[in-house]
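A.B. asks: Contents are compact mmCIF, N, CA and C atoms; file name input-v5.txt:
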```
# COMPACT_ATOMS: atom_id res chain seq x y z
N MET A 1 188.56 -33.83 -91.10
CA MET A 1 187.77 -32.65 -90.95
C MET A 1 187.69 -31.97 -92.32
N ASP A 2 186.47 -31.51 -92.70
CA ASP A 2 186.31 -30.76 -93.93
C ASP A 2 185.15 -29.77 -93.80
N VAL A 3 184.92 -28.99 -94.86
CA VAL A 3 183.93 -27.92 -94.84
C VAL A 3 182.96 -28.09 -96.01
N LEU A 4 181.68 -28.01 -95.71
CA LEU A 4 180.63 -28.03 -96.73
C LEU A 4 179.87 -26.71 -96.61
N ILE A 5 179.78 -25.97 -97.69
CA ILE A 5 179.02 -24.72 -97.71
C ILE A 5 177.74 -24.98 -98.49
N THR A 6 176.58 -24.78 -97.84
CA THR A 6 175.30 -25.03 -98.50
C THR A 6 175.09 -24.03 -99.63
N ALA A 7 174.16 -24.33 -100.52
CA ALA A 7 173.88 -23.46 -101.65
C ALA A 7 173.45 -22.07 -101.19
N GLU A 8 172.62 -21.98 -100.18
CA GLU A 8 172.16 -20.68 -99.68
C GLU A 8 173.32 -19.87 -99.09
N ALA A 9 174.17 -20.51 -98.30
CA ALA A 9 175.32 -19.82 -97.73
C ALA A 9 176.28 -19.38 -98.83
N ARG A 10 176.45 -20.20 -99.85
CA ARG A 10 177.33 -19.83 -100.97
C ARG A 10 176.81 -18.57 -101.66
N ARG A 11 175.47 -18.48 -101.84
CA ARG A 11 174.89 -17.28 -102.44
C ARG A 11 175.14 -16.05 -101.55
N GLU A 12 175.03 -16.23 -100.24
CA GLU A 12 175.29 -15.12 -99.32
C GLU A 12 176.74 -14.67 -99.42
N ILE A 13 177.65 -15.61 -99.52
CA ILE A 13 179.07 -15.28 -99.67
C ILE A 13 179.32 -14.57 -100.99
N GLU A 14 178.69 -15.06 -102.07
CA GLU A 14 178.82 -14.41 -103.37
C GLU A 14 178.29 -12.98 -103.31
N ALA A 15 177.17 -12.78 -102.61
CA ALA A 15 176.61 -11.43 -102.47
C ALA A 15 177.56 -10.52 -101.71
N LEU A 16 178.23 -11.05 -100.69
CA LEU A 16 179.20 -10.24 -99.95
C LEU A 16 180.32 -9.77 -100.87
N TYR A 17 180.77 -10.62 -101.77
CA TYR A 17 181.81 -10.23 -102.72
C TYR A 17 181.32 -9.09 -103.62
N VAL A 18 180.06 -9.14 -104.04
CA VAL A 18 179.51 -8.10 -104.91
C VAL A 18 179.58 -6.73 -104.25
N PHE A 19 179.40 -6.67 -102.93
CA PHE A 19 179.47 -5.40 -102.21
C PHE A 19 180.87 -4.79 -102.24
N GLY A 20 181.87 -5.57 -102.60
CA GLY A 20 183.24 -5.08 -102.65
C GLY A 20 183.76 -4.63 -101.30
N PRO A 21 183.76 -5.52 -100.32
CA PRO A 21 184.18 -5.14 -98.97
C PRO A 21 185.66 -4.75 -98.91
N LYS A 22 185.96 -3.88 -97.96
CA LYS A 22 187.34 -3.46 -97.74
C LYS A 22 188.10 -4.58 -97.03
N PRO A 23 189.41 -4.66 -97.24
CA PRO A 23 190.20 -5.65 -96.50
C PRO A 23 189.99 -5.49 -94.99
N GLY A 24 189.81 -6.60 -94.32
CA GLY A 24 189.58 -6.58 -92.88
C GLY A 24 188.12 -6.69 -92.49
N THR A 25 187.20 -6.58 -93.47
CA THR A 25 185.78 -6.77 -93.18
C THR A 25 185.56 -8.24 -92.82
N TRP A 26 184.74 -8.50 -91.80
CA TRP A 26 184.55 -9.87 -91.34
C TRP A 26 183.11 -10.10 -90.89
N GLY A 27 182.79 -11.36 -90.64
CA GLY A 27 181.45 -11.72 -90.19
C GLY A 27 181.44 -13.12 -89.60
N ALA A 28 180.24 -13.57 -89.28
CA ALA A 28 180.06 -14.86 -88.61
C ALA A 28 179.56 -15.93 -89.58
N LEU A 29 179.97 -17.15 -89.32
CA LEU A 29 179.49 -18.32 -90.06
C LEU A 29 178.58 -19.12 -89.13
N VAL A 30 177.39 -19.42 -89.60
CA VAL A 30 176.40 -20.12 -88.79
C VAL A 30 176.09 -21.45 -89.48
N GLY A 31 175.93 -22.48 -88.69
CA GLY A 31 175.60 -23.79 -89.24
C GLY A 31 175.69 -24.84 -88.15
N HIS A 32 176.24 -25.99 -88.49
CA HIS A 32 176.40 -27.05 -87.50
C HIS A 32 177.55 -27.97 -87.92
N ARG A 33 177.89 -28.85 -87.01
CA ARG A 33 178.92 -29.85 -87.29
C ARG A 33 178.25 -31.21 -87.31
N ARG A 34 178.66 -32.01 -88.24
CA ARG A 34 178.21 -33.40 -88.30
C ARG A 34 179.47 -34.23 -88.37
N GLY A 35 179.79 -34.86 -87.25
CA GLY A 35 181.06 -35.58 -87.16
C GLY A 35 182.19 -34.58 -87.35
N PRO A 36 183.14 -34.89 -88.21
CA PRO A 36 184.26 -33.98 -88.41
C PRO A 36 183.98 -32.89 -89.46
N ARG A 37 182.76 -32.78 -89.94
CA ARG A 37 182.42 -31.83 -91.02
C ARG A 37 181.77 -30.56 -90.48
N PHE A 38 182.29 -29.41 -90.93
CA PHE A 38 181.64 -28.12 -90.70
C PHE A 38 180.63 -27.93 -91.82
N ILE A 39 179.37 -27.68 -91.49
CA ILE A 39 178.35 -27.41 -92.51
C ILE A 39 177.90 -25.97 -92.33
N VAL A 40 178.32 -25.11 -93.26
CA VAL A 40 178.02 -23.69 -93.21
C VAL A 40 176.66 -23.46 -93.87
N GLU A 41 175.73 -22.87 -93.09
CA GLU A 41 174.38 -22.62 -93.58
C GLU A 41 174.08 -21.14 -93.78
N LYS A 42 174.90 -20.27 -93.18
CA LYS A 42 174.65 -18.84 -93.25
C LYS A 42 175.93 -18.07 -93.02
N ALA A 43 176.07 -16.93 -93.72
CA ALA A 43 177.20 -16.02 -93.52
C ALA A 43 176.61 -14.64 -93.22
N VAL A 44 176.94 -14.09 -92.05
CA VAL A 44 176.37 -12.83 -91.60
C VAL A 44 177.48 -11.80 -91.42
N ALA A 45 177.43 -10.71 -92.20
CA ALA A 45 178.43 -9.65 -92.06
C ALA A 45 178.31 -9.04 -90.67
N ALA A 46 179.47 -8.75 -90.04
CA ALA A 46 179.43 -8.26 -88.66
C ALA A 46 180.35 -7.08 -88.41
N GLY A 47 181.61 -7.15 -88.78
CA GLY A 47 182.56 -6.12 -88.40
C GLY A 47 183.32 -5.57 -89.58
N GLY A 48 183.81 -4.37 -89.39
CA GLY A 48 184.57 -3.72 -90.43
C GLY A 48 186.05 -3.72 -90.14
N PRO A 49 186.82 -3.18 -91.08
CA PRO A 49 188.26 -3.08 -90.87
C PRO A 49 188.56 -2.31 -89.59
N GLY A 50 189.57 -2.73 -88.89
CA GLY A 50 189.97 -2.06 -87.66
C GLY A 50 189.26 -2.58 -86.42
N THR A 51 188.29 -3.48 -86.60
CA THR A 51 187.63 -4.11 -85.46
C THR A 51 188.00 -5.58 -85.46
N ALA A 52 187.85 -6.23 -84.33
CA ALA A 52 188.20 -7.65 -84.24
C ALA A 52 187.18 -8.37 -83.37
N PRO A 53 186.91 -9.63 -83.69
CA PRO A 53 185.99 -10.42 -82.87
C PRO A 53 186.59 -10.74 -81.51
N ASP A 54 185.73 -10.92 -80.51
CA ASP A 54 186.20 -11.29 -79.18
C ASP A 54 185.26 -12.32 -78.56
N ALA A 55 185.59 -12.77 -77.38
CA ALA A 55 184.78 -13.79 -76.69
C ALA A 55 183.37 -13.29 -76.41
N ARG A 56 183.22 -11.99 -76.14
CA ARG A 56 181.90 -11.42 -75.86
C ARG A 56 181.00 -11.53 -77.10
N LEU A 57 181.58 -11.31 -78.28
CA LEU A 57 180.83 -11.45 -79.53
C LEU A 57 180.34 -12.89 -79.68
N LEU A 58 181.21 -13.85 -79.44
CA LEU A 58 180.84 -15.26 -79.55
C LEU A 58 179.69 -15.58 -78.60
N ALA A 59 179.74 -15.08 -77.39
CA ALA A 59 178.67 -15.32 -76.42
C ALA A 59 177.35 -14.71 -76.92
N GLY A 60 177.42 -13.52 -77.50
CA GLY A 60 176.22 -12.88 -78.03
C GLY A 60 175.63 -13.66 -79.19
N LEU A 61 176.49 -14.15 -80.09
CA LEU A 61 176.02 -14.94 -81.22
C LEU A 61 175.41 -16.26 -80.75
N ASP A 62 176.02 -16.87 -79.74
CA ASP A 62 175.48 -18.12 -79.21
C ASP A 62 174.12 -17.88 -78.54
N GLY A 63 173.86 -16.66 -78.10
CA GLY A 63 172.54 -16.33 -77.57
C GLY A 63 171.48 -16.28 -78.66
N ILE A 64 171.90 -15.94 -79.87
CA ILE A 64 170.98 -15.87 -81.01
C ILE A 64 170.85 -17.24 -81.69
N TRP A 65 171.99 -17.86 -81.94
CA TRP A 65 172.05 -19.18 -82.58
C TRP A 65 172.73 -20.15 -81.63
N PRO A 66 172.04 -20.65 -80.62
CA PRO A 66 172.69 -21.51 -79.61
C PRO A 66 173.44 -22.69 -80.23
N GLY A 67 174.73 -22.73 -79.98
CA GLY A 67 175.55 -23.84 -80.45
C GLY A 67 175.74 -23.91 -81.95
N ARG A 68 175.34 -22.87 -82.69
CA ARG A 68 175.41 -22.94 -84.15
C ARG A 68 176.41 -21.97 -84.75
N THR A 69 177.14 -21.24 -83.92
CA THR A 69 178.18 -20.35 -84.44
C THR A 69 179.40 -21.20 -84.78
N LEU A 70 179.61 -21.42 -86.08
CA LEU A 70 180.72 -22.27 -86.53
C LEU A 70 182.05 -21.55 -86.51
N GLY A 71 182.01 -20.24 -86.73
CA GLY A 71 183.26 -19.50 -86.81
C GLY A 71 183.07 -18.17 -87.48
N LEU A 72 184.11 -17.75 -88.21
CA LEU A 72 184.15 -16.42 -88.80
C LEU A 72 184.65 -16.47 -90.23
N PHE A 73 184.32 -15.43 -90.99
CA PHE A 73 184.94 -15.23 -92.29
C PHE A 73 185.55 -13.84 -92.29
N ALA A 74 186.54 -13.63 -93.13
CA ALA A 74 187.16 -12.32 -93.24
C ALA A 74 187.70 -12.11 -94.64
N PHE A 75 187.52 -10.89 -95.16
CA PHE A 75 188.09 -10.51 -96.45
C PHE A 75 189.50 -10.02 -96.22
N ARG A 76 190.45 -10.70 -96.82
CA ARG A 76 191.87 -10.34 -96.66
C ARG A 76 192.18 -10.00 -95.20
N PRO A 77 192.04 -10.98 -94.33
CA PRO A 77 192.23 -10.70 -92.90
C PRO A 77 193.64 -10.22 -92.58
N GLY A 78 193.71 -9.23 -91.71
CA GLY A 78 194.98 -8.68 -91.30
C GLY A 78 195.50 -9.35 -90.04
N ALA A 79 196.62 -8.87 -89.57
CA ALA A 79 197.27 -9.45 -88.39
C ALA A 79 196.40 -9.32 -87.15
N ALA A 80 195.68 -8.20 -86.99
CA ALA A 80 194.84 -8.01 -85.80
C ALA A 80 193.71 -9.03 -85.77
N PHE A 81 193.12 -9.33 -86.92
CA PHE A 81 192.05 -10.33 -86.98
C PHE A 81 192.61 -11.70 -86.61
N ARG A 82 193.73 -12.07 -87.22
CA ARG A 82 194.33 -13.37 -86.94
C ARG A 82 194.67 -13.51 -85.46
N LYS A 83 195.22 -12.46 -84.88
CA LYS A 83 195.56 -12.50 -83.46
C LYS A 83 194.31 -12.68 -82.61
N ALA A 84 193.21 -12.02 -83.00
CA ALA A 84 191.96 -12.10 -82.23
C ALA A 84 191.36 -13.51 -82.23
N VAL A 85 191.48 -14.23 -83.35
CA VAL A 85 190.86 -15.56 -83.42
C VAL A 85 191.77 -16.67 -82.88
N LEU A 86 193.03 -16.36 -82.66
CA LEU A 86 193.95 -17.37 -82.15
C LEU A 86 193.96 -17.36 -80.63
N GLY A 87 192.85 -17.81 -80.07
CA GLY A 87 192.71 -17.88 -78.62
C GLY A 87 191.67 -18.90 -78.23
N PRO A 88 191.50 -19.10 -76.95
CA PRO A 88 190.60 -20.16 -76.49
C PRO A 88 189.13 -19.98 -76.89
N ALA A 89 188.66 -18.75 -77.03
CA ALA A 89 187.25 -18.54 -77.39
C ALA A 89 186.92 -19.14 -78.75
N TRP A 90 187.87 -19.11 -79.67
CA TRP A 90 187.62 -19.56 -81.03
C TRP A 90 188.21 -20.95 -81.31
N TYR A 91 188.73 -21.62 -80.29
CA TYR A 91 189.30 -22.96 -80.46
C TYR A 91 188.25 -23.90 -81.06
N GLY A 92 188.65 -24.64 -82.10
CA GLY A 92 187.76 -25.59 -82.74
C GLY A 92 186.79 -24.96 -83.73
N LYS A 93 186.89 -23.65 -83.92
CA LYS A 93 185.98 -22.95 -84.84
C LYS A 93 186.62 -22.86 -86.22
N LEU A 94 185.79 -22.53 -87.19
CA LEU A 94 186.19 -22.39 -88.58
C LEU A 94 186.50 -20.93 -88.88
N VAL A 95 187.55 -20.69 -89.64
CA VAL A 95 187.88 -19.35 -90.12
C VAL A 95 188.00 -19.45 -91.64
N LEU A 96 187.16 -18.68 -92.33
CA LEU A 96 187.14 -18.70 -93.79
C LEU A 96 187.80 -17.42 -94.29
N SER A 97 188.99 -17.56 -94.87
CA SER A 97 189.71 -16.43 -95.42
C SER A 97 189.24 -16.22 -96.86
N MET A 98 188.84 -14.98 -97.15
CA MET A 98 188.26 -14.68 -98.46
C MET A 98 189.13 -13.66 -99.19
N THR A 99 189.56 -14.01 -100.39
CA THR A 99 190.29 -13.08 -101.24
C THR A 99 189.68 -13.18 -102.63
N GLY A 100 190.28 -12.53 -103.59
CA GLY A 100 189.76 -12.57 -104.94
C GLY A 100 188.69 -11.51 -105.15
N SER A 101 187.88 -11.72 -106.18
CA SER A 101 186.84 -10.76 -106.55
C SER A 101 185.52 -11.49 -106.76
N ALA A 102 184.47 -10.73 -107.06
CA ALA A 102 183.16 -11.33 -107.30
C ALA A 102 183.22 -12.30 -108.48
N LYS A 103 184.04 -12.00 -109.47
CA LYS A 103 184.15 -12.88 -110.65
C LYS A 103 185.06 -14.07 -110.39
N ALA A 104 185.99 -13.92 -109.47
CA ALA A 104 186.94 -15.00 -109.17
C ALA A 104 187.19 -15.07 -107.67
N PRO A 105 186.17 -15.51 -106.90
CA PRO A 105 186.35 -15.60 -105.44
C PRO A 105 187.36 -16.69 -105.07
N ASP A 106 188.09 -16.44 -104.00
CA ASP A 106 189.05 -17.41 -103.49
C ASP A 106 188.77 -17.60 -102.00
N LEU A 107 188.27 -18.76 -101.64
CA LEU A 107 187.92 -19.08 -100.26
C LEU A 107 188.91 -20.11 -99.73
N ARG A 108 189.44 -19.84 -98.53
CA ARG A 108 190.37 -20.78 -97.90
C ARG A 108 189.93 -21.02 -96.46
N PRO A 109 189.48 -22.25 -96.18
CA PRO A 109 189.04 -22.56 -94.81
C PRO A 109 190.19 -23.03 -93.91
N PHE A 110 190.09 -22.62 -92.65
CA PHE A 110 191.05 -23.01 -91.62
C PHE A 110 190.29 -23.35 -90.35
N ALA A 111 190.85 -24.21 -89.53
CA ALA A 111 190.31 -24.50 -88.20
C ALA A 111 191.29 -23.93 -87.18
N VAL A 112 190.75 -23.40 -86.09
CA VAL A 112 191.60 -22.90 -85.00
C VAL A 112 191.94 -24.10 -84.13
N GLU A 113 193.21 -24.45 -84.08
CA GLU A 113 193.68 -25.60 -83.32
C GLU A 113 194.69 -25.16 -82.27
N PHE A 114 195.03 -26.09 -81.40
CA PHE A 114 196.01 -25.80 -80.37
C PHE A 114 197.06 -26.91 -80.33
N GLU A 115 198.32 -26.54 -80.55
CA GLU A 115 199.46 -27.44 -80.43
C GLU A 115 200.59 -26.64 -79.80
N ARG A 116 200.54 -26.52 -78.48
CA ARG A 116 201.45 -25.70 -77.68
C ARG A 116 201.22 -24.21 -77.88
N ARG A 117 200.49 -23.87 -78.93
CA ARG A 117 200.05 -22.50 -79.18
C ARG A 117 198.86 -22.59 -80.14
N PHE A 118 198.07 -21.55 -80.23
CA PHE A 118 196.93 -21.55 -81.13
C PHE A 118 197.43 -21.27 -82.55
N LEU A 119 196.86 -21.99 -83.51
CA LEU A 119 197.25 -21.79 -84.90
C LEU A 119 196.09 -22.10 -85.83
N LEU A 120 196.20 -21.60 -87.07
CA LEU A 120 195.19 -21.87 -88.09
C LEU A 120 195.68 -23.02 -88.95
N VAL A 121 194.89 -24.09 -88.99
CA VAL A 121 195.24 -25.29 -89.74
C VAL A 121 194.33 -25.36 -90.97
N PRO A 122 194.90 -25.47 -92.18
CA PRO A 122 194.06 -25.57 -93.38
C PRO A 122 193.12 -26.77 -93.32
N VAL A 123 191.90 -26.56 -93.80
CA VAL A 123 190.87 -27.60 -93.83
C VAL A 123 190.36 -27.68 -95.27
N PRO A 124 190.23 -28.88 -95.84
CA PRO A 124 189.73 -28.98 -97.21
C PRO A 124 188.22 -28.80 -97.29
N PHE A 125 187.76 -28.47 -98.49
CA PHE A 125 186.33 -28.46 -98.74
C PHE A 125 185.86 -29.90 -98.92
N ALA A 126 184.62 -30.16 -98.55
CA ALA A 126 184.04 -31.49 -98.73
C ALA A 126 183.95 -31.79 -100.23
N PRO A 127 184.13 -33.04 -100.61
CA PRO A 127 183.99 -33.38 -102.03
C PRO A 127 182.58 -33.06 -102.51
N ALA A 128 182.48 -32.62 -103.75
CA ALA A 128 181.17 -32.28 -104.33
C ALA A 128 180.33 -33.55 -104.42
N ALA A 129 179.06 -33.39 -104.12
CA ALA A 129 178.14 -34.53 -104.21
C ALA A 129 177.90 -34.87 -105.67
N LYS A 130 177.90 -36.14 -105.97
CA LYS A 130 177.64 -36.57 -107.35
C LYS A 130 176.13 -36.65 -107.57
N GLU A 131 175.69 -36.20 -108.75
CA GLU A 131 174.28 -36.28 -109.06
C GLU A 131 173.92 -37.73 -109.35
N LYS A 132 172.73 -38.09 -108.91
CA LYS A 132 172.26 -39.45 -109.21
C LYS A 132 171.89 -39.51 -110.69
N ALA A 133 172.21 -40.63 -111.30
CA ALA A 133 171.91 -40.80 -112.72
C ALA A 133 170.38 -40.87 -112.89
N ARG A 134 169.89 -40.23 -113.96
CA ARG A 134 168.45 -40.28 -114.22
C ARG A 134 168.09 -41.66 -114.72
N GLU A 135 166.96 -42.12 -114.25
CA GLU A 135 166.56 -43.48 -114.64
C GLU A 135 165.54 -43.43 -115.72
```
Take the structure in this file and express it as structure tokens.
C.D. replies:
Amino acid sequence: MDVLITAEARREIEALYVFGPKPGTWGALVGHRRGPRFIVEKAVAAGGPGTAPDARLLAGLDGIWPGRTLGLFAFRPGAAFRKAVLGPAWYGKLVLSMTGSAKAPDLRPFAVEFERRFLLVPVPFAPAAKEKARE
């Protein structure tokens, strides 16, 4: 399992960093899965510090993007955010933890898994595509 962030989604994530969000700010990741790969196509800001995602939110997002809600991102996620995503509604979804600054962003992807309890399992980024040699 790995994560690929498209160029457009990467620009959206970079723009979110420029806004200088407060710790605990979070949003949704939209895209699709191809085999074991999460392909992130869009990042949509949704909630602020002190709020947490729930199953009702996921249902609402699936009404807008049927089957395309990959997961969530959060800037310096706190304990309440982690607790909210560690449940059956978010099982198999991607959680992108964001730290750092606009000049030095730090993204860490995790998948919500279940092994006797729900937990966040680190997921690597997909290897960068090599450019084809010019002929």
A.B. asks: For Ala89 in chain A, find every residue with an atom within 7 Å (counting all atoms listed in the file), except residues of its own chain fewer than 4 positions away, and show them as a PyMOL selection string.
C.D. replies: chain A and resi 54-55+85+93
A.B. asks: Find the spatial neighbours of range 2-17 of chain A, counting all atoms listed in the file, within a cut-off of 6 Å - ignore same-chain residues fewer than 6 positions away - and output them as a ChimeraX atom specification.
C.D. replies: /A:36-43,101-102,123-126
A.B. asks: Would you work out the distance separating CA of Leu29 in chain A from CA of Phe114 in chain A, expressed in Å to one decimal?
C.D. replies: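 These two atoms are separated by 20.6 Å.
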A.B. asks: Which of chain A end up as alpha helix (DSSP H) when DSSP is run on this backbone - answer as an NGL selection string?
C.D. replies: :A and (7-18 or 55-64 or 79-85)
A.B. asks: To test the calculation: enclose all listed atoms of range 26-34 of chain A in a box whose edges run along x, y and z, add 3 Å on each side, then state centre and edge lengths in Å to one decimal, as lines of an AutoDock Vina configuration file.
C.D. replies:
```
center_x = 180.2
center_y = -21.4
center_z = -89.4
size_x = 15.1
size_y = 31.7
size_z = 10.8
```
A.B. asks: Please identify which residues in chain A DSSP calls strand (DSSP E) from the backbone, and express them as a PyMOL selection string.
C.D. replies: chain A and resi 2-5+26-34+37-47+69-75+94-100+105-114+118-122
A.B. asks: What does the structure give for the distance between CA of Arg68 in chain A and CA of Leu94 in chain A, in Å to one decimal?
C.D. replies: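 Result for CA of Arg68 in chain A versus CA of Leu94 in chain A: 11.7 Å, one decimal.
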A.B. asks: Just give me the gap between CA of Gly31 in chain A and atom C of Gly60 in chain A in Å, one decimal is fine.
C.D. replies: 14.3 Å
A.B. asks: I'd like the neighbourhood of Gly47 in chain A as a PyMOL selection string, where a residue qualifies if any of its atoms comes within 6 Å (using all atoms listed in the file), though same-chain residues fewer than 6 positions away should be ignored.
C.D. replies: chain A and resi 24-27
A.B. asks: With all atoms listed in the file as the atoms that count, which of A:Ala52, A:Ala111, A:Ala28, A:Ala45 lies nearest to Ala80 in chain A?
C.D. replies: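 For Ala80 in chain A, the nearest of the given residues is A:Ala52.
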A.B. asks: From the set A:Arg76, A:Arg34, A:Lys103, A:Arg116, which residue has the shortest atom-to-atom contact distance to Lys22 in chain A, counting all atoms listed in the file?
C.D. replies: A:Arg76
A.B. asks: Hey, which of A:Leu58, A:Ala79, A:Ala46, A:Leu70 ends up closest to Val30 in chain A? Count only C-alpha atoms.
C.D. replies: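 Checking each candidate against Val30 in chain A, we get A:Leu70 as the closest.
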A.B. asks: So which one's closest to Pro53 in chain A, A:Val95, A:Val18, A:Met1, A:Leu120? Using only C-alpha atoms, please.
C.D. replies: A:Val95
